[in-house]
Every structure is written in C-alpha cells, then in structure tokens.
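Shown below: protein-v2.pdb, with PDB, C-alpha atoms and all ligand atoms.
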```pdb
ATOM      1  CA  MET M   7      -1.873  18.553  11.663
ATOM      2  CA  THR M   8      -3.233  17.251   8.395
ATOM      3  CA  LEU M   9      -0.510  17.232   5.750
ATOM      4  CA  VAL M  10      -1.855  14.927   3.057
ATOM      5  CA  THR M  11      -5.285  13.982   1.741
ATOM      6  CA  VAL M  12      -4.985  10.182   1.680
ATOM      7  CA  ASP M  13      -2.160   7.999   2.951
ATOM      8  CA  VAL M  14      -2.829   4.752   1.050
ATOM      9  CA  HIS M  15      -0.283   2.617   2.884
ATOM     10  CA  THR M  16      -0.131   2.174   6.667
ATOM     11  CA  HIS M  17       0.293  -0.849   8.922
ATOM     12  CA  LEU M  18      -0.989  -2.048  12.231
ATOM     13  CA  GLY M  19       0.274  -5.069  14.133
ATOM     14  CA  GLU M  20       2.015  -5.865  17.371
ATOM     15  CA  ARG M  21       5.299  -7.683  17.604
ATOM     16  CA  GLY M  22       4.948 -11.086  19.197
ATOM     17  CA  THR M  23       1.169 -11.178  18.716
ATOM     18  CA  HIS M  24       0.978 -10.549  14.964
ATOM     19  CA  VAL M  25       4.475  -9.823  13.727
ATOM     20  CA  GLY M  26       6.885 -12.695  14.266
ATOM     21  CA  GLY M  27       8.764 -15.544  12.618
ATOM     22  CA  PRO M  28      11.473 -14.954  10.050
ATOM     23  CA  LEU M  29      10.114 -11.542   9.090
ATOM     24  CA  ALA M  30      10.578 -10.215  12.634
ATOM     25  CA  ASP M  31      14.000 -11.880  12.939
ATOM     26  CA  ASP M  32      15.132 -10.428   9.613
ATOM     27  CA  GLU M  33      13.886  -6.981  10.592
ATOM     28  CA  MET M  34      16.391  -7.066  13.449
ATOM     29  CA  ARG M  35      19.121  -8.606  11.292
ATOM     30  CA  VAL M  36      18.791  -6.027   8.511
ATOM     31  CA  TRP M  37      17.756  -2.856  10.348
ATOM     32  CA  GLY M  38      19.103  -3.578  13.802
ATOM     33  CA  ARG M  39      15.816  -2.478  15.310
ATOM     34  CA  THR M  40      12.108  -3.206  15.300
ATOM     35  CA  HIS M  41       9.809  -0.936  13.307
ATOM     36  CA  TRP M  42       6.717  -3.068  13.030
ATOM     37  CA  ASP M  43       5.152  -2.959  16.491
ATOM     38  CA  VAL M  44       2.091  -0.749  16.237
ATOM     39  CA  THR M  45      -0.935  -0.638  18.519
ATOM     40  CA  PRO M  46      -4.234   0.846  17.329
ATOM     41  CA  ALA M  47      -3.661   3.844  19.635
ATOM     42  CA  GLY M  48      -0.183   4.484  18.229
ATOM     43  CA  HIS M  49      -1.470   4.139  14.694
ATOM     44  CA  ALA M  50      -4.387   6.509  15.302
ATOM     45  CA  ALA M  51      -1.992   9.199  16.565
ATOM     46  CA  ALA M  52       0.230   8.920  13.474
ATOM     47  CA  ALA M  53      -2.808   8.927  11.173
ATOM     48  CA  ALA M  54      -3.612  12.496  12.259
ATOM     49  CA  ALA M  55      -1.124  13.620   9.599
ATOM     50  CA  ALA M  56      -3.567  12.636   6.845
ATOM     51  CA  THR M  57      -7.254  13.299   6.244
ATOM     52  CA  ALA M  58      -7.748   9.577   5.569
ATOM     53  CA  SER M  59      -5.462   6.567   5.848
ATOM     54  CA  VAL M  60      -5.662   3.048   4.424
ATOM     55  CA  VAL M  61      -4.861   0.444   7.114
ATOM     56  CA  LEU M  62      -3.630  -2.882   5.794
ATOM     57  CA  ALA M  63      -4.132  -6.346   7.210
ATOM     58  CA  PHE M  64      -1.362  -8.788   6.323
ATOM     59  CA  ASP M  65      -1.974 -12.511   5.838
ATOM     60  CA  ALA M  66       1.562 -13.829   5.438
ATOM     61  CA  GLU M  67       1.944 -17.003   7.467
ATOM     62  CA  PRO M  68       4.902 -18.191   5.329
ATOM     63  CA  VAL M  69       6.991 -15.339   6.777
ATOM     64  CA  GLY M  70       5.523 -15.715  10.265
ATOM     65  CA  THR M  71       3.344 -12.593  10.261
ATOM     66  CA  VAL M  72      -0.438 -12.359  10.283
ATOM     67  CA  VAL M  73      -2.270  -9.127  11.041
ATOM     68  CA  PRO M  74      -5.860 -10.444  10.949
ATOM     69  CA  ASN M  75      -8.721  -8.852   9.068
ATOM     70  CA  GLU M  76     -10.816  -8.888  12.257
ATOM     71  CA  TYR M  77      -8.130  -6.964  14.140
ATOM     72  CA  VAL M  78      -7.972  -4.273  11.451
ATOM     73  CA  ALA M  79     -11.765  -4.068  11.242
ATOM     74  CA  LYS M  80     -11.984  -3.520  14.998
ATOM     75  CA  ALA M  81      -9.235  -0.893  14.970
ATOM     76  CA  VAL M  82     -10.887   1.192  12.239
ATOM     77  CA  ALA M  83     -14.428   0.901  13.611
ATOM     78  CA  ASP M  84     -15.761   4.310  14.685
ATOM     79  CA  LYS M  85     -12.778   6.032  13.069
ATOM     80  CA  PRO M  86     -14.077   7.624   9.863
ATOM     81  CA  ASN M  87     -10.575   8.649   8.812
ATOM     82  CA  LEU M  88      -9.314   5.037   8.736
ATOM     83  CA  ILE M  89     -10.072   2.744   5.787
ATOM     84  CA  GLY M  90      -9.460  -0.917   6.546
ATOM     85  CA  PHE M  91      -8.124  -3.304   3.898
ATOM     86  CA  ALA M  92      -8.308  -7.086   4.153
ATOM     87  CA  SER M  93      -5.465  -9.421   3.355
ATOM     88  CA  VAL M  94      -6.091 -12.982   2.222
ATOM     89  CA  ASN M  95      -3.531 -15.500   1.057
ATOM     90  CA  PRO M  96      -5.048 -16.960  -2.132
ATOM     91  CA  THR M  97      -3.455 -20.338  -1.355
ATOM     92  CA  ARG M  98      -5.691 -20.794   1.690
ATOM     93  CA  PRO M  99      -8.420 -23.371   0.954
ATOM     94  CA  ASP M 100     -11.056 -20.964   2.287
ATOM     95  CA  ALA M 101      -9.608 -17.844   0.622
ATOM     96  CA  ALA M 102     -12.828 -16.939  -1.201
ATOM     97  CA  ALA M 103     -14.933 -17.239   1.958
ATOM     98  CA  ARG M 104     -12.402 -15.157   3.900
ATOM     99  CA  LEU M 105     -12.556 -12.322   1.382
ATOM    100  CA  ARG M 106     -16.355 -12.365   1.221
ATOM    101  CA  HIS M 107     -16.496 -12.286   5.026
ATOM    102  CA  ALA M 108     -14.025  -9.402   5.130
ATOM    103  CA  VAL M 109     -16.117  -7.335   2.731
ATOM    104  CA  GLU M 110     -19.651  -8.264   3.725
ATOM    105  CA  ASP M 111     -19.346  -8.777   7.483
ATOM    106  CA  LEU M 112     -16.249  -6.821   8.502
ATOM    107  CA  GLY M 113     -16.842  -3.893   6.154
ATOM    108  CA  LEU M 114     -13.291  -3.786   4.782
ATOM    109  CA  TYR M 115     -12.725  -1.801   1.600
ATOM    110  CA  GLY M 116      -9.863  -3.400  -0.280
ATOM    111  CA  LEU M 117      -7.467  -6.328  -0.558
ATOM    112  CA  LYS M 118      -3.751  -6.419   0.161
ATOM    113  CA  LEU M 119      -1.694  -9.077  -1.631
ATOM    114  CA  GLY M 120       2.018  -9.798  -1.308
ATOM    115  CA  PRO M 121       2.915 -12.771  -3.499
ATOM    116  CA  THR M 122       6.546 -12.729  -2.382
ATOM    117  CA  TYR M 123       5.444 -12.990   1.285
ATOM    118  CA  GLN M 124       2.460 -15.251   0.662
ATOM    119  CA  HIS M 125       4.357 -17.682  -1.600
ATOM    120  CA  PHE M 126       2.200 -17.655  -4.710
ATOM    121  CA  HIS M 127       2.726 -16.484  -8.277
ATOM    122  CA  PRO M 128       0.393 -13.683  -9.417
ATOM    123  CA  HIS M 129      -0.697 -15.878 -12.339
ATOM    124  CA  ASP M 130      -1.759 -18.718 -10.011
ATOM    125  CA  PRO M 131      -5.408 -19.619 -10.741
ATOM    126  CA  ALA M 132      -6.132 -19.304  -7.011
ATOM    127  CA  CYS M 133      -4.999 -15.677  -7.165
ATOM    128  CA  LEU M 134      -7.051 -14.949 -10.272
ATOM    129  CA  ASP M 135     -10.112 -16.479  -8.548
ATOM    130  CA  LEU M 136      -9.621 -14.099  -5.620
ATOM    131  CA  LEU M 137      -9.226 -11.138  -7.968
ATOM    132  CA  GLU M 138     -12.506 -12.106  -9.586
ATOM    133  CA  ILE M 139     -14.199 -11.704  -6.211
ATOM    134  CA  ALA M 140     -12.495  -8.332  -5.674
ATOM    135  CA  ASP M 141     -13.656  -7.306  -9.138
ATOM    136  CA  HIS M 142     -17.191  -8.411  -8.288
ATOM    137  CA  TYR M 143     -17.268  -6.230  -5.166
ATOM    138  CA  GLY M 144     -15.417  -3.387  -6.874
ATOM    139  CA  ILE M 145     -12.778  -3.240  -4.128
ATOM    140  CA  PRO M 146      -9.250  -2.097  -4.995
ATOM    141  CA  VAL M 147      -6.215  -4.348  -4.669
ATOM    142  CA  VAL M 148      -2.785  -3.235  -3.453
ATOM    143  CA  TRP M 149       0.187  -5.419  -4.295
ATOM    144  CA  HIS M 150       3.530  -5.556  -2.556
ATOM    145  CA  GLN M 151       5.284  -6.303  -5.837
ATOM    146  CA  GLY M 152       8.917  -5.489  -5.211
ATOM    147  CA  THR M 153      11.855  -6.597  -3.149
ATOM    148  CA  THR M 154      11.831  -7.154   0.614
ATOM    149  CA  PHE M 155      14.351  -7.584   3.390
ATOM    150  CA  THR M 156      13.230 -10.997   4.613
ATOM    151  CA  ARG M 157      14.902 -14.140   3.327
ATOM    152  CA  ALA M 158      11.670 -16.074   3.917
ATOM    153  CA  ALA M 159      10.060 -14.292   0.951
ATOM    154  CA  ILE M 160      10.238 -15.803  -2.548
ATOM    155  CA  ALA M 161      11.930 -13.309  -4.846
ATOM    156  CA  GLU M 162      10.731 -14.966  -8.065
ATOM    157  CA  PHE M 163       7.171 -13.883  -7.262
ATOM    158  CA  ALA M 164       8.088 -10.227  -6.714
ATOM    159  CA  ARG M 165       8.411  -8.721 -10.203
ATOM    160  CA  PRO M 166       5.941  -5.960 -11.146
ATOM    161  CA  LEU M 167       5.627  -7.178 -14.739
ATOM    162  CA  GLN M 168       3.866 -10.278 -13.399
ATOM    163  CA  LEU M 169       0.875  -8.009 -12.742
ATOM    164  CA  ASP M 170       0.284  -7.289 -16.412
ATOM    165  CA  LEU M 171      -1.778 -10.460 -16.799
ATOM    166  CA  PRO M 172      -4.081  -9.704 -13.825
ATOM    167  CA  ALA M 173      -4.472  -6.159 -15.170
ATOM    168  CA  ARG M 174      -5.430  -7.485 -18.614
ATOM    169  CA  ARG M 175      -7.816 -10.022 -17.085
ATOM    170  CA  PHE M 176      -9.589  -7.459 -14.883
ATOM    171  CA  PRO M 177      -9.375  -4.123 -16.730
ATOM    172  CA  ALA M 178     -11.930  -2.347 -14.522
ATOM    173  CA  LEU M 179     -10.359  -3.409 -11.218
ATOM    174  CA  ARG M 180      -8.485  -0.619  -9.421
ATOM    175  CA  MET M 181      -5.050  -1.901  -8.446
ATOM    176  CA  TRP M 182      -1.765  -0.410  -7.376
ATOM    177  CA  ILE M 183       1.824  -1.413  -6.713
ATOM    178  CA  ALA M 184       3.286  -0.358  -3.372
ATOM    179  CA  HIS M 185       6.705   1.276  -2.957
ATOM    180  CA  PHE M 186       6.941   2.155  -6.698
ATOM    181  CA  GLY M 187       7.759  -1.568  -7.133
ATOM    182  CA  HIS M 188      11.337  -0.948  -5.973
ATOM    183  CA  PRO M 189      13.934  -1.721  -7.186
ATOM    184  CA  TRP M 190      11.987  -2.353 -10.422
ATOM    185  CA  THR M 191      10.453   1.109 -10.531
ATOM    186  CA  ALA M 192      10.511   1.487 -14.330
ATOM    187  CA  GLU M 193       9.004  -1.977 -14.733
ATOM    188  CA  ALA M 194       6.197  -1.071 -12.312
ATOM    189  CA  LEU M 195       5.533   2.154 -14.206
ATOM    190  CA  SER M 196       5.415   0.237 -17.495
ATOM    191  CA  VAL M 197       2.422  -1.670 -16.079
ATOM    192  CA  VAL M 198       0.821   1.547 -14.850
ATOM    193  CA  ARG M 199       1.296   3.092 -18.275
ATOM    194  CA  ARG M 200      -0.494   0.231 -20.030
ATOM    195  CA  HIS M 201      -3.546   0.055 -17.762
ATOM    196  CA  GLU M 202      -5.670   3.072 -17.023
ATOM    197  CA  HIS M 203      -6.853   1.861 -13.599
ATOM    198  CA  PHE M 204      -3.392   0.930 -12.346
ATOM    199  CA  TYR M 205      -1.494   3.098  -9.837
ATOM    200  CA  VAL M 206       1.679   3.127  -7.728
ATOM    201  CA  ASP M 207       2.343   4.419  -4.248
ATOM    202  CA  VAL M 208       5.505   6.202  -3.096
ATOM    203  CA  SER M 209       5.750   4.578   0.333
ATOM    204  CA  ALA M 210       9.068   3.546   1.901
ATOM    205  CA  MET M 211      11.070   5.329  -0.784
ATOM    206  CA  ASP M 212      12.174   8.358   1.237
ATOM    207  CA  THR M 213      15.335   6.559   2.373
ATOM    208  CA  ARG M 214      16.150   5.671  -1.274
ATOM    209  CA  PRO M 215      16.594   9.067  -2.936
ATOM    210  CA  TRP M 216      18.260   7.756  -6.088
ATOM    211  CA  GLN M 217      15.556   5.183  -6.815
ATOM    212  CA  LEU M 218      12.828   7.680  -5.907
ATOM    213  CA  ALA M 219      14.264  10.349  -8.217
ATOM    214  CA  GLN M 220      14.456   7.854 -11.085
ATOM    215  CA  ALA M 221      10.886   6.714 -10.397
ATOM    216  CA  LEU M 222       9.559  10.288 -10.389
ATOM    217  CA  ALA M 223      11.423  11.033 -13.617
ATOM    218  CA  THR M 224      10.089   7.872 -15.269
ATOM    219  CA  ALA M 225       6.527   8.634 -14.128
ATOM    220  CA  SER M 226       6.930  12.046 -15.720
ATOM    221  CA  GLU M 227       8.359  10.619 -18.971
ATOM    222  CA  TYR M 228       5.535   8.069 -19.242
ATOM    223  CA  GLN M 229       2.990  10.774 -18.380
ATOM    224  CA  VAL M 230       1.512   8.798 -15.506
ATOM    225  CA  PHE M 231       2.339  11.267 -12.753
ATOM    226  CA  ASP M 232      -1.369  11.633 -11.996
ATOM    227  CA  ARG M 233      -1.470   7.973 -10.963
ATOM    228  CA  VAL M 234       1.227   8.277  -8.318
ATOM    229  CA  LEU M 235      -0.423   7.938  -4.890
ATOM    230  CA  PHE M 236       0.845   9.119  -1.536
ATOM    231  CA  GLY M 237       1.740   6.374   0.947
ATOM    232  CA  SER M 238       3.938   6.427   4.034
ATOM    233  CA  ASP M 239       4.325   2.712   4.902
ATOM    234  CA  TYR M 240       3.935   3.720   8.551
ATOM    235  CA  PRO M 241       5.603   2.562  10.846
ATOM    236  CA  PHE M 242       8.538   2.048   8.465
ATOM    237  CA  SER M 243       8.335   5.745   7.637
ATOM    238  CA  THR M 244       6.015   8.647   8.434
ATOM    239  CA  VAL M 245       3.947  11.136   6.457
ATOM    240  CA  GLU M 246       6.380  13.918   7.315
ATOM    241  CA  ARG M 247       9.493  11.977   6.281
ATOM    242  CA  THR M 248       7.810  10.847   3.072
ATOM    243  CA  ILE M 249       6.971  14.428   2.068
ATOM    244  CA  THR M 250      10.540  15.533   2.796
ATOM    245  CA  GLY M 251      11.912  12.634   0.748
ATOM    246  CA  LEU M 252       9.664  13.444  -2.207
ATOM    247  CA  HIS M 253      10.783  17.073  -2.294
ATOM    248  CA  ARG M 254      14.431  16.034  -2.013
ATOM    249  CA  ALA M 255      14.050  13.559  -4.892
ATOM    250  CA  ALA M 256      12.257  16.178  -7.007
ATOM    251  CA  ALA M 257      15.138  18.596  -6.372
ATOM    252  CA  LEU M 258      17.568  15.836  -7.405
ATOM    253  CA  CYS M 259      15.637  15.346 -10.669
ATOM    254  CA  ARG M 260      15.912  19.056 -11.416
ATOM    255  CA  SER M 261      19.559  19.404 -10.461
ATOM    256  CA  LEU M 262      20.507  16.420 -12.635
ATOM    257  CA  GLY M 263      18.367  17.743 -15.470
ATOM    258  CA  ILE M 264      16.567  14.389 -15.862
ATOM    259  CA  ALA M 265      13.024  15.717 -15.303
ATOM    260  CA  ASN M 266      11.415  18.973 -14.283
ATOM    261  CA  VAL M 267       9.589  17.602 -11.238
ATOM    262  CA  THR M 268       8.428  20.693  -9.376
ATOM    263  CA  ALA M 269       7.464  21.303  -5.762
ATOM    264  CA  SER M 270       3.927  21.739  -6.987
ATOM    265  CA  ASP M 271       4.043  18.252  -8.592
ATOM    266  CA  ILE M 272       4.898  16.862  -5.153
ATOM    267  CA  ASP M 273       2.088  18.904  -3.591
ATOM    268  CA  HIS M 274      -0.288  17.272  -6.071
ATOM    269  CA  ILE M 275       0.817  13.791  -4.962
ATOM    270  CA  CYS M 276       0.159  14.812  -1.340
ATOM    271  CA  ALA M 277      -3.250  16.252  -2.221
ATOM    272  CA  ARG M 278      -4.352  13.414  -4.527
ATOM    273  CA  ASP M 279      -7.779  12.108  -3.575
ATOM    274  CA  ALA M 280      -7.111   8.380  -3.678
ATOM    275  CA  VAL M 281     -10.477   7.694  -2.045
ATOM    276  CA  ALA M 282     -12.192   8.963  -5.185
ATOM    277  CA  LEU M 283      -9.677   7.474  -7.632
ATOM    278  CA  LEU M 284      -9.831   4.006  -6.091
ATOM    279  CA  GLY M 285     -13.567   4.053  -5.564
ATOM    280  CA  LEU M 286     -13.305   3.810  -1.792
ATOM    281  CA  ARG M 287     -16.292   4.911   0.221
ATOM    282  CA  PRO M 288     -16.040   8.668   0.728
ATOM    283  CA  ARG M 289     -15.286   9.482   4.329
ATOM    284  CA  PRO M 290     -16.015  12.790   6.022
ATOM    285  CA  PRO M 291     -12.975  14.854   6.896
ATOM    286  CA  ARG M 292     -11.947  14.626  10.523
ATOM    287  CA  SER M 293     -12.994  18.203  11.164
ATOM    288  CA  SER M 294     -16.602  17.456  10.231
ATOM    289  CA  GLN M 295     -16.958  14.479  12.548
ATOM    290  CA  GLN M 296     -19.750  14.891  15.034
ATOM    291  CA  PRO M 297     -18.594  15.365  18.585
ATOM    292  CA  PRO M 298     -19.731  12.698  21.030
ATOM    293  CA  GLY M 299     -23.250  13.274  22.389
ATOM    294  CA  PRO M 300     -23.944  14.393  25.946
TER
HETATM  295 ZN    ZN A   1       3.974  -1.797   3.724
END
```
Represent the structure of the file as structure tokens.
Ligand SMILES: [Zn+2]
Amino acid sequence: MTLVTVDVHTHLGERGTHVGGPLADDEMRVWGRTHWDVTPAGHAAAAAAATASVVLAFDAEPVGTVVPNEYVAKAVADKPNLIGFASVNPTRPDAAARLRHAVEDLGLYGLKLGPTYQHFHPHDPACLDLLEIADHYGIPVVWHQGTTFTRAAIAEFARPLQLDLPARRFPALRMWIAHFGHPWTAEALSVVRRHEHFYVDVSAMDTRPWQLAQALATASEYQVFDRVLFGSDYPFSTVERTITGLHRAAALCRSLGIANVTASDIDHICARDAVALLGLRPRPPRSSQQPPGP
C-alpha cells in the first residue's frame, strides 16, 4: 500500500559483502542486532510503501562499508519507482571521474555524502570540486551531517553549520541534511532557513520523539516546514514507523504548547513531492507502469 509520495532516504547493502568493518561491529555493539543487511528483493518489497524511493549508495571505506554505485544502479534498473543516488568519497584520487561515470553511464540521479564517515571536512577543496560537478549536472546532494553510532566516524566533520559554506558557494544546487541533522536539529534548520534550495529529511527520528518534536517546532518557528522531506532510513526504520513517529511528535508539540503542528502538517510531509522539489527525473507512479508484454 502506498503511504507516502517520496521516501528520500533508503539503503541497500548486504552485510559481509558491502556492510562490514567497524560500522558493522559498532551496529552490534550499540543496537545488539544487525539492521543493515538488505538485498534488492527485500528493499523492493519495503519500497511499496511509497510511490517513489531514493536508494543511496554509500562510499565509506574508512568505516568499512561500501555500497557501490554499480550495485545500486543495477538494483534500480527497470524499477521506475526507485531513484538511485551515487556516493563518492571526495578524497578518492578519481572522485571526479567516479561521479561523472555514475551520472553519465550508470544513470544515477544524486550524490550522497557523509563527511563524518568518509573522513573529510565539508570545506575541503576536494569536496567543493565534487560539488561543482554535481552543480554542473544539476543533481541534488544529500548529506549525513549529524551524529552516528560508529566510533570509526570523525565527529568534528559532522556539524550541520559546516554546510553553510557549500550552500553559499553553490546557491542553485539542491541539497538536504538527513535525519534533521540530529542532535543538532536547530543548527541544521538554521542552514535550511538561510538557503532557499536547502532541505532536511525526517529519517531515523521516529525513535527520538523529543528531538523530533523540537525539530518540528523549530521548522515551524523558522517557517521552513515546506522544506521538510519524508525519509524512512530503511532498513533502520520503515515508512509506517516514521509516519507514526511524526504524528506522535506533532501531538507532543501540541500538548506541550510549543508549536501547533497538526496532523495535516504531517500529512503534507508525507505527500511532499520531493521528485519535483529536488529536480529529480519525474517517474511514473507504480500504478501506471506498463505490464510486461506477452
Ligand atoms: Zn541513512
């Protein structure tokens, strides 16, 4: 059943093959279980909850995890509801060639960066060079700019405010911060407020009702609620759990009297057409897909 229009944050990747190293070890240490072990078939089943879903590659060798661009491109091929995003570590010597290949040959539609996982500062000239290529192609960029559970990440590179310079440098580039930039949700929203093409997604916040309520209230106070995008962070959460968490946080805002976030405000997040906002190629809804020929 389709519940949301666009889920802008989902993962693929199989444990042992793609997901490993300290990130996989720390997932067990912190959560006591493995979330990130997703085959294309498992992902496709979960993606039925949205009309379209962004599927992220993840180029994070420093934390032992690489979900290759080629793997994502293959998984989304012939699936009009799946929108593949590349991931390229800007510190790779061939970073520019990798991104061009991902866009021109693999047909991927955006770029995922995670400075804390990829061990670079967002102001690094190598990062700005990569953003220039993204700007040239007009592909959106999603940043994991927030905390993470793995000790192999570098926390100094994780603050949302570090994205103000890239946003100033590339004012037309569509970019967003994943997970509301938690725990620095207000800081993330201060960047969104300053730059008209900057967004946030709500993914992985359903288990953090206090932070999510504060983030929704701050988005309302800064009048940037229309730039809050729906994301589930599947397999760390699901579309259904994310919707439930949003409604619970909205109710918390109202009961505390900190913001009048209504059920209809949450419905608008779920219905937001991120494909249009981010300039992604429009995809036909699943229901209009042609059945296979005879
Ligand atoms: Zn994620």
Neighbouring residues of region 31-40 of chain M were defined as those with any atom within 12 Å, considering all atoms listed in the file; residues of the same chain fewer than 4 positions away were excluded. Please report them as JSON, numbers by chain. {"M": [20, 21, 22, 25, 26, 27, 44, 69, 70, 71, 154, 155, 156, 157, 158, 159, 241, 242]}
Which residues sit within 12 Å of ligand ZN 1 (chain A), counting all atoms listed in the file, listed as a count of residues only? 44
Work out how far CA of Val198 (chain M) is from CA of Leu29 (chain M), in Å to one decimal. 28.8 Å
Evaluate the PyMOL selection byres (((chain M and resi 147) around 10) and not hetatm) here and jot the selected residues down as a PyMOL selection string. chain M and resi 91-93+115-119+137+140-141+144-146+148-149+179-183+204+284
Smallest atom-to-atom distance to Thr45 (chain M): which of M:Ala58, M:Ala277, M:Val82, M:Ile272, using all atoms listed in the file?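 Among the listed residues, M:Val82 lies closest to Thr45 (chain M).
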Using all atoms listed in the file for the distances, tell me which of M:Tyr228, M:Asp65, M:Gln220, M:Asp170 is nearest to Arg260 (chain M).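 Distance minimum relative to Arg260 (chain M) lands on M:Gln220.
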Would you mind putting back N, CA and C atoms on region 227-246 of chain M, then writing it out as a PDB file, in the coordinates of the input?
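Final output, saved to rebuild_18.pdb:
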```
ATOM      1  N   GLU M 227       8.122  10.961 -17.555  1.00  0.00           N
ATOM      2  CA  GLU M 227       8.359  10.619 -18.971  1.00  0.00           C
ATOM      3  C   GLU M 227       7.203   9.803 -19.559  1.00  0.00           C
ATOM      4  N   TYR M 228       6.648   8.912 -18.773  1.00  0.00           N
ATOM      5  CA  TYR M 228       5.535   8.069 -19.242  1.00  0.00           C
ATOM      6  C   TYR M 228       4.177   8.763 -19.095  1.00  0.00           C
ATOM      7  N   GLN M 229       4.214   9.983 -18.552  1.00  0.00           N
ATOM      8  CA  GLN M 229       2.990  10.774 -18.380  1.00  0.00           C
ATOM      9  C   GLN M 229       1.949  10.055 -17.525  1.00  0.00           C
ATOM     10  N   VAL M 230       2.428   9.458 -16.444  1.00  0.00           N
ATOM     11  CA  VAL M 230       1.512   8.798 -15.506  1.00  0.00           C
ATOM     12  C   VAL M 230       1.641   9.399 -14.104  1.00  0.00           C
ATOM     13  N   PHE M 231       2.125  10.630 -14.050  1.00  0.00           N
ATOM     14  CA  PHE M 231       2.339  11.267 -12.753  1.00  0.00           C
ATOM     15  C   PHE M 231       1.032  11.378 -11.963  1.00  0.00           C
ATOM     16  N   ASP M 232      -0.079  11.489 -12.683  1.00  0.00           N
ATOM     17  CA  ASP M 232      -1.369  11.633 -11.996  1.00  0.00           C
ATOM     18  C   ASP M 232      -1.855  10.314 -11.399  1.00  0.00           C
ATOM     19  N   ARG M 233      -1.091   9.244 -11.599  1.00  0.00           N
ATOM     20  CA  ARG M 233      -1.470   7.973 -10.963  1.00  0.00           C
ATOM     21  C   ARG M 233      -0.437   7.534  -9.916  1.00  0.00           C
ATOM     22  N   VAL M 234       0.302   8.509  -9.437  1.00  0.00           N
ATOM     23  CA  VAL M 234       1.227   8.277  -8.318  1.00  0.00           C
ATOM     24  C   VAL M 234       0.501   8.679  -7.027  1.00  0.00           C
ATOM     25  N   LEU M 235       0.337   7.717  -6.121  1.00  0.00           N
ATOM     26  CA  LEU M 235      -0.423   7.938  -4.890  1.00  0.00           C
ATOM     27  C   LEU M 235       0.515   8.136  -3.701  1.00  0.00           C
ATOM     28  N   PHE M 236       0.054   8.916  -2.741  1.00  0.00           N
ATOM     29  CA  PHE M 236       0.845   9.119  -1.536  1.00  0.00           C
ATOM     30  C   PHE M 236       0.668   7.936  -0.588  1.00  0.00           C
ATOM     31  N   GLY M 237       1.773   7.414  -0.087  1.00  0.00           N
ATOM     32  CA  GLY M 237       1.740   6.374   0.947  1.00  0.00           C
ATOM     33  C   GLY M 237       2.957   6.534   1.825  1.00  0.00           C
ATOM     34  N   SER M 238       2.806   6.241   3.119  1.00  0.00           N
ATOM     35  CA  SER M 238       3.938   6.427   4.034  1.00  0.00           C
ATOM     36  C   SER M 238       4.608   5.117   4.424  1.00  0.00           C
ATOM     37  N   ASP M 239       3.852   3.993   4.361  1.00  0.00           N
ATOM     38  CA  ASP M 239       4.325   2.712   4.902  1.00  0.00           C
ATOM     39  C   ASP M 239       4.571   2.793   6.411  1.00  0.00           C
ATOM     40  N   TYR M 240       3.818   3.673   7.098  1.00  0.00           N
ATOM     41  CA  TYR M 240       3.935   3.720   8.551  1.00  0.00           C
ATOM     42  C   TYR M 240       3.773   2.308   9.118  1.00  0.00           C
ATOM     43  N   PRO M 241       4.611   1.857  10.040  1.00  0.00           N
ATOM     44  CA  PRO M 241       5.603   2.562  10.846  1.00  0.00           C
ATOM     45  C   PRO M 241       7.021   2.553  10.264  1.00  0.00           C
ATOM     46  N   PHE M 242       7.189   2.075   9.040  1.00  0.00           N
ATOM     47  CA  PHE M 242       8.538   2.048   8.465  1.00  0.00           C
ATOM     48  C   PHE M 242       8.998   3.451   8.079  1.00  0.00           C
ATOM     49  N   SER M 243       8.032   4.331   7.807  1.00  0.00           N
ATOM     50  CA  SER M 243       8.335   5.745   7.637  1.00  0.00           C
ATOM     51  C   SER M 243       7.141   6.524   8.192  1.00  0.00           C
ATOM     52  N   THR M 244       7.130   7.815   7.974  1.00  0.00           N
ATOM     53  CA  THR M 244       6.015   8.647   8.434  1.00  0.00           C
ATOM     54  C   THR M 244       5.591   9.562   7.284  1.00  0.00           C
ATOM     55  N   VAL M 245       4.425  10.177   7.456  1.00  0.00           N
ATOM     56  CA  VAL M 245       3.947  11.136   6.457  1.00  0.00           C
ATOM     57  C   VAL M 245       4.969  12.252   6.274  1.00  0.00           C
ATOM     58  N   GLU M 246       5.459  12.780   7.385  1.00  0.00           N
ATOM     59  CA  GLU M 246       6.380  13.918   7.315  1.00  0.00           C
ATOM     60  C   GLU M 246       7.663  13.544   6.578  1.00  0.00           C
TER      61      GLU M 246
END
```
